[in-house]
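Engineer: Let me begin by handing over the structure; questions about it come next.
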Amino acid sequence: MLISEIFVSIQGESTYAGLPCVFVRLAGCNLRCSWCDTPYARSAEGAKEVSATHILNEVKQFKCDLVEITGGEPLLQEGAKDLAVRLLDAGHGVLIETNGSVSLAGLDERAVKIVDFKCPSSGHAGSFLIDNLNFITPADEIKFVIGNREDYDSAKKFLDEYLSGRTQKLLFAPVKPSLEPKVLAEWILRDRLKVRFQLQLHTYIWSDERGR
Ligand code: SF4
């Protein structure tokens, strides 16, 4: 598998925010979001080719229960689903962060999926694979990164049309620096939206330092 980096940090997003977590960042992505915060992981440049066994051994050294498989877009790699199974079998809690445009079919049900819905300002509106809704369970989380009012309205429309009854773990995060957190918080409150407002916790601790 092609990996960009493996490191331990504080989980900065999702309902797992605040917990120690090992991040396995796979290299390569099929999208080019305008606000991407990991551009170095979008291609194979600088990535290492390693086996799943190698990844498992590295993860083990961090002595941490929770592991997130992320990217880039991790599900583009053949071995990602098998890696999730092996980590789960080894006793880890596994989160898989994916951009929503790649099929979730065949993923181990024990893994928690954190699935992006790309709003217009990302440059990839319409990239969400609607068939993926069939694989969303109440344990999974849907993440919306919001850069402006158009993004907010499109996220709200998607919630109303498709997400009712699938999961209540809905994450709304502002794009830094284009949308003031306060503005997004006020929109959510005005509409009494049942979503979780989130900021990237790790960036408040380590700014944009790589490997954190
Ligand atoms: S899907 Fe993720 S890694 Fe790929 S371009 Fe978008 S933000 Fe960057």
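Letters A, B, ... go to the chains of the structure tokens in the order shown; residues in each chain start at 1; ligands are counted from 1 in the same order.
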Pull the closest atom pair for each residue of chain A that gets at most 6 Å from ligand 1, along with the distance in Å to one decimal, counting only C-alpha atoms and all ligand atoms, ordering rows by chain and then ascending residue number, as JSON lines.

Structural biologist:
{"residue": "A:Cys29", "atom": "CA", "partner": "ligand 1", "partner_atom_place_in_ligand_line": "4 (Fe)", "distance": 4.8}
{"residue": "A:Leu31", "atom": "CA", "partner": "ligand 1", "partner_atom_place_in_ligand_line": "5 (S)", "distance": 4.6}
{"residue": "A:Arg32", "atom": "CA", "partner": "ligand 1", "partner_atom_place_in_ligand_line": "5 (S)", "distance": 3.7}
{"residue": "A:Cys33", "atom": "CA", "partner": "ligand 1", "partner_atom_place_in_ligand_line": "6 (Fe)", "distance": 4.1}
{"residue": "A:Cys36", "atom": "CA", "partner": "ligand 1", "partner_atom_place_in_ligand_line": "7 (S)", "distance": 3.9}
{"residue": "A:Thr38", "atom": "CA", "partner": "ligand 1", "partner_atom_place_in_ligand_line": "8 (Fe)", "distance": 5.5}
{"residue": "A:Pro39", "atom": "CA", "partner": "ligand 1", "partner_atom_place_in_ligand_line": "8 (Fe)", "distance": 5.8}
{"residue": "A:Arg42", "atom": "CA", "partner": "ligand 1", "partner_atom_place_in_ligand_line": "3 (S)", "distance": 5.5}
{"residue": "A:Gly71", "atom": "CA", "partner": "ligand 1", "partner_atom_place_in_ligand_line": "3 (S)", "distance": 5.6}
{"residue": "A:Gly72", "atom": "CA", "partner": "ligand 1", "partner_atom_place_in_ligand_line": "3 (S)", "distance": 3.6}
{"residue": "A:Glu73", "atom": "CA", "partner": "ligand 1", "partner_atom_place_in_ligand_line": "4 (Fe)", "distance": 5.8}
{"residue": "A:Asn99", "atom": "CA", "partner": "ligand 1", "partner_atom_place_in_ligand_line": "1 (S)", "distance": 4.9}

Engineer: Would you output that residue set with N, CA and C atoms, as a short mmCIF file (atom, residue, chain, number, x, y, z; two decimals), in the first residue's frame?

Structural biologist:
data_model
loop_
_atom_site.label_atom_id
_atom_site.label_comp_id
_atom_site.auth_asym_id
_atom_site.auth_seq_id
_atom_site.Cartn_x
_atom_site.Cartn_y
_atom_site.Cartn_z
N CYS A 29 -5.42 10.76 -4.21
CA CYS A 29 -6.80 11.22 -4.11
C CYS A 29 -7.34 11.49 -5.51
N LEU A 31 -9.89 13.61 -5.92
CA LEU A 31 -10.44 14.97 -5.93
C LEU A 31 -9.34 16.00 -5.69
N ARG A 32 -9.67 17.26 -5.90
CA ARG A 32 -8.74 18.37 -5.64
C ARG A 32 -9.52 19.50 -4.97
N CYS A 33 -9.93 19.31 -3.75
CA CYS A 33 -10.76 20.31 -3.08
C CYS A 33 -10.02 21.63 -2.96
N CYS A 36 -8.26 22.01 0.40
CA CYS A 36 -7.60 20.78 0.89
C CYS A 36 -6.48 21.12 1.88
N THR A 38 -4.45 18.70 3.15
CA THR A 38 -3.37 17.70 3.05
C THR A 38 -2.95 17.51 1.59
N PRO A 39 -2.56 18.58 0.92
CA PRO A 39 -2.22 18.46 -0.51
C PRO A 39 -1.06 17.47 -0.75
N ARG A 42 -2.14 13.93 -1.75
CA ARG A 42 -3.04 13.70 -2.89
C ARG A 42 -2.39 12.87 -4.01
N GLY A 71 -6.69 9.90 4.30
CA GLY A 71 -5.90 10.15 3.10
C GLY A 71 -5.61 11.63 2.96
N GLY A 72 -5.46 12.03 1.69
CA GLY A 72 -5.88 11.43 0.44
C GLY A 72 -7.28 10.79 0.51
N GLU A 73 -7.51 9.89 -0.41
CA GLU A 73 -8.74 9.11 -0.36
C GLU A 73 -8.36 7.64 -0.16
N ASN A 99 -13.93 10.53 1.19
CA ASN A 99 -14.49 11.76 0.59
C ASN A 99 -15.89 11.58 0.00
#

Engineer: May I have a table of the residues of region 13-68 of chain A lying at most 10 Å from region 205-211 of chain A, giving each one's closest pair of atoms and their distance in Å to one decimal, counting only C-alpha atoms, ordered by chain and ascending residue number, as JSON lines?

Structural biologist:
{"residue": "A:Phe23", "atom": "CA", "partner": "A:Gly211", "partner_atom": "CA", "distance": 8.8}
{"residue": "A:Arg25", "atom": "CA", "partner": "A:Gly211", "partner_atom": "CA", "distance": 9.7}
{"residue": "A:Asp37", "atom": "CA", "partner": "A:Asp208", "partner_atom": "CA", "distance": 8.3}
{"residue": "A:Thr38", "atom": "CA", "partner": "A:Arg210", "partner_atom": "CA", "distance": 8.6}
{"residue": "A:Tyr40", "atom": "CA", "partner": "A:Arg210", "partner_atom": "CA", "distance": 9.7}

Engineer: Restrict the selected residues to C-alpha atoms and save them as a compact mmCIF listing (two decimals), in the first residue's frame.

Structural biologist:
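So the final result, stored in selection17.txt, reads:
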# COMPACT_ATOMS: atom_id res chain seq x y z
CA PHE A 23 -3.63 8.24 11.87
CA ARG A 25 -2.68 8.40 5.94
CA ASP A 37 -5.46 20.73 4.05
CA THR A 38 -3.37 17.70 3.05
CA TYR A 40 0.97 16.42 0.09

Engineer: Write out as a list in words all residues of region 83-211 of chain A that DSSP puts in strand (DSSP E or B) for this structure's backbone.

Structural biologist: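 Matching residues for strand (DSSP E or B) in region 83-211 of chain A are Gly93, Val94, Leu95, Ile96, Glu97, Thr98, Val112, Lys113, Ile114, Val115, Asp116, Phe117, Glu141, Ile142, Lys143, Phe144, Val145, Ile146, Leu170, Leu171, Phe172, Ala173, Pro174, Arg196 and Phe197 of chain A.
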
Engineer: Go ahead and write the selection's residues with N, CA and C atoms as a compact mmCIF listing (two decimals), in the first residue's frame.

Structural biologist:
# COMPACT_ATOMS: atom_id res chain seq x y z
N GLY A 93 -10.31 0.16 17.63
CA GLY A 93 -11.47 0.83 17.08
C GLY A 93 -10.99 1.50 15.80
N VAL A 94 -11.74 1.35 14.72
CA VAL A 94 -11.26 1.87 13.43
C VAL A 94 -12.25 2.88 12.85
N LEU A 95 -11.72 4.06 12.52
CA LEU A 95 -12.49 5.08 11.81
C LEU A 95 -11.94 5.14 10.38
N ILE A 96 -12.83 5.29 9.41
CA ILE A 96 -12.36 5.46 8.03
C ILE A 96 -12.90 6.78 7.51
N GLU A 97 -12.00 7.69 7.21
CA GLU A 97 -12.42 9.01 6.70
C GLU A 97 -12.32 8.97 5.18
N THR A 98 -13.44 9.21 4.52
CA THR A 98 -13.48 9.06 3.07
C THR A 98 -14.24 10.23 2.45
N VAL A 112 -16.13 2.44 11.69
CA VAL A 112 -17.00 3.63 11.66
C VAL A 112 -16.58 4.49 10.47
N LYS A 113 -17.54 4.79 9.62
CA LYS A 113 -17.23 5.57 8.42
C LYS A 113 -17.51 7.05 8.70
N ILE A 114 -16.56 7.89 8.36
CA ILE A 114 -16.76 9.34 8.43
C ILE A 114 -16.71 9.83 6.99
N VAL A 115 -17.88 10.17 6.49
CA VAL A 115 -18.03 10.34 5.04
C VAL A 115 -18.28 11.81 4.72
N ASP A 116 -17.49 12.38 3.83
CA ASP A 116 -17.69 13.78 3.43
C ASP A 116 -18.83 13.91 2.42
N PHE A 117 -19.56 15.01 2.56
CA PHE A 117 -20.42 15.46 1.46
C PHE A 117 -19.77 16.74 0.98
N GLU A 141 -20.76 8.75 10.45
CA GLU A 141 -20.86 10.21 10.56
C GLU A 141 -20.72 10.82 9.17
N ILE A 142 -21.51 11.87 8.94
CA ILE A 142 -21.41 12.58 7.65
C ILE A 142 -20.87 13.98 7.94
N LYS A 143 -19.85 14.35 7.18
CA LYS A 143 -19.18 15.63 7.45
C LYS A 143 -19.39 16.61 6.30
N PHE A 144 -19.76 17.83 6.67
CA PHE A 144 -19.94 18.90 5.70
C PHE A 144 -18.95 20.01 6.03
N VAL A 145 -18.08 20.34 5.10
CA VAL A 145 -17.15 21.46 5.29
C VAL A 145 -17.76 22.65 4.55
N ILE A 146 -18.05 23.71 5.32
CA ILE A 146 -18.87 24.80 4.81
C ILE A 146 -18.02 26.05 4.62
N LEU A 170 -24.06 14.19 12.40
CA LEU A 170 -23.90 15.10 11.27
C LEU A 170 -22.97 16.24 11.70
N LEU A 171 -21.88 16.39 10.99
CA LEU A 171 -20.83 17.32 11.41
C LEU A 171 -20.77 18.51 10.45
N PHE A 172 -20.85 19.73 10.98
CA PHE A 172 -20.72 20.93 10.17
C PHE A 172 -19.46 21.67 10.63
N ALA A 173 -18.54 21.92 9.69
CA ALA A 173 -17.29 22.59 10.04
C ALA A 173 -17.05 23.76 9.09
N PRO A 174 -16.61 24.91 9.62
CA PRO A 174 -16.34 26.05 8.73
C PRO A 174 -14.98 25.91 8.04
N ARG A 196 -23.84 18.75 14.57
CA ARG A 196 -22.75 19.05 15.51
C ARG A 196 -21.79 20.03 14.85
N PHE A 197 -21.67 21.23 15.42
CA PHE A 197 -20.70 22.21 14.95
C PHE A 197 -19.32 21.73 15.40

Engineer: Give me the residues near Glu78 (chain A) as a list in words, where near means some atom within 12 Å (using only C-alpha atoms) and where sequence neighbours in that chain fewer than 3 positions away do not count.

Structural biologist: Met1, Leu2, Leu26, Ser51, Ala52, Glu73, Pro74, Leu75, Lys81, Asp82, Leu83, Ala84, Val102, Ser103, Gly106 and Leu107 of chain A

Engineer: Just checking: using only C-alpha atoms, which residue out of A:Leu88, A:Leu163, A:Cys119, A:Ala47 ends up closest to Trp35 (chain A)?

Structural biologist: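 Once distances to Trp35 (chain A) are computed over only C-alpha atoms, the minimum belongs to A:Cys119.
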
Engineer: Using only C-alpha atoms, which residue out of A:Ser164, A:Thr53, A:Ser4, A:Ser127 lies closest to Ala27 (chain A)?

Structural biologist: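 The answer is A:Ser4, which sits nearest to Ala27 (chain A).
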
Engineer: Counting only C-alpha atoms, which residue out of A:Ser121, A:Thr137, A:Gln11, A:Thr70 sits closest to Gln168 (chain A)?

Structural biologist: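 Among the listed residues, the smallest separation from Gln168 (chain A) belongs to A:Thr137.
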
Engineer: Any chance you could list, as a list in words, the residues in region 6-85 of chain A that come up helix (DSSP H, G or I) when DSSP is run on the backbone?

Structural biologist: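 After running DSSP on the backbone, region 6-85 of chain A has helix (DSSP H, G or I) at Pro39, Tyr40, Ala41, Ala52, Thr53, His54, Ile55, Leu56, Asn57, Glu58, Val59, Lys60, Gln61, Pro74, Leu75, Leu76, Ala80, Lys81, Asp82, Leu83, Ala84 and Val85 of chain A.
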
Engineer: Neighbouring residues of Ile10 (chain A) were defined as those with any atom within 7 Å, considering only C-alpha atoms; residues of the same chain fewer than 3 positions away were excluded. Please report them as a list in words.

Structural biologist: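 Listing them by chain and then by number gives Gly18, Leu19, Pro20, Cys21 and His202 of chain A.
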
Engineer: Write the selection just made, keeping N, CA and C atoms, as a PDB file, in the first residue's frame?

Structural biologist:
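Output saved as result34.pdb:
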ATOM      1  N   GLY A  18     -10.875  14.796  20.480  1.00  0.00           N
ATOM      2  CA  GLY A  18     -10.296  14.872  21.817  1.00  0.00           C
ATOM      3  C   GLY A  18      -9.611  13.592  22.254  1.00  0.00           C
ATOM      4  N   LEU A  19      -9.882  12.486  21.574  1.00  0.00           N
ATOM      5  CA  LEU A  19      -9.273  11.211  21.970  1.00  0.00           C
ATOM      6  C   LEU A  19      -7.923  11.011  21.279  1.00  0.00           C
ATOM      7  N   PRO A  20      -6.970  10.384  21.956  1.00  0.00           N
ATOM      8  CA  PRO A  20      -5.741   9.984  21.264  1.00  0.00           C
ATOM      9  C   PRO A  20      -6.079   9.027  20.119  1.00  0.00           C
ATOM     10  N   CYS A  21      -5.392   9.180  19.012  1.00  0.00           N
ATOM     11  CA  CYS A  21      -5.737   8.385  17.821  1.00  0.00           C
ATOM     12  C   CYS A  21      -4.501   8.254  16.934  1.00  0.00           C
ATOM     13  N   HIS A 202      -7.098  19.865  16.504  1.00  0.00           N
ATOM     14  CA  HIS A 202      -5.632  19.750  16.415  1.00  0.00           C
ATOM     15  C   HIS A 202      -4.984  21.039  15.908  1.00  0.00           C
TER      16      HIS A 202
END

Engineer: Between A:Leu193, A:Gln61, A:Glu186, A:Asn134, single out the one closest to Lys157 (chain A), counting only C-alpha atoms.

Structural biologist: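 Answer, going by the shortest atom-to-atom distance: A:Leu193.
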
Engineer: Taking only C-alpha atoms into account, name the residue in A:Ile136, A:Ala41, A:Leu87, A:Ile3 that is nearest to Tyr162 (chain A).

Structural biologist: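 The shortest atom-to-atom distance to Tyr162 (chain A) comes from A:Ile136.
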
Engineer: Rank nothing, just name the residue among A:His54, A:Lys176, A:Lys118, A:Lys169 nearest to Tyr16 (chain A), using only C-alpha atoms.

Structural biologist: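 Distance minimum relative to Tyr16 (chain A) lands on A:Lys169.
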
Engineer: Go ahead and compute the interatomic distance for CA of Phe158 (chain A) and CA of Ser101 (chain A), in Å to one decimal.

Structural biologist: 15.0 Å
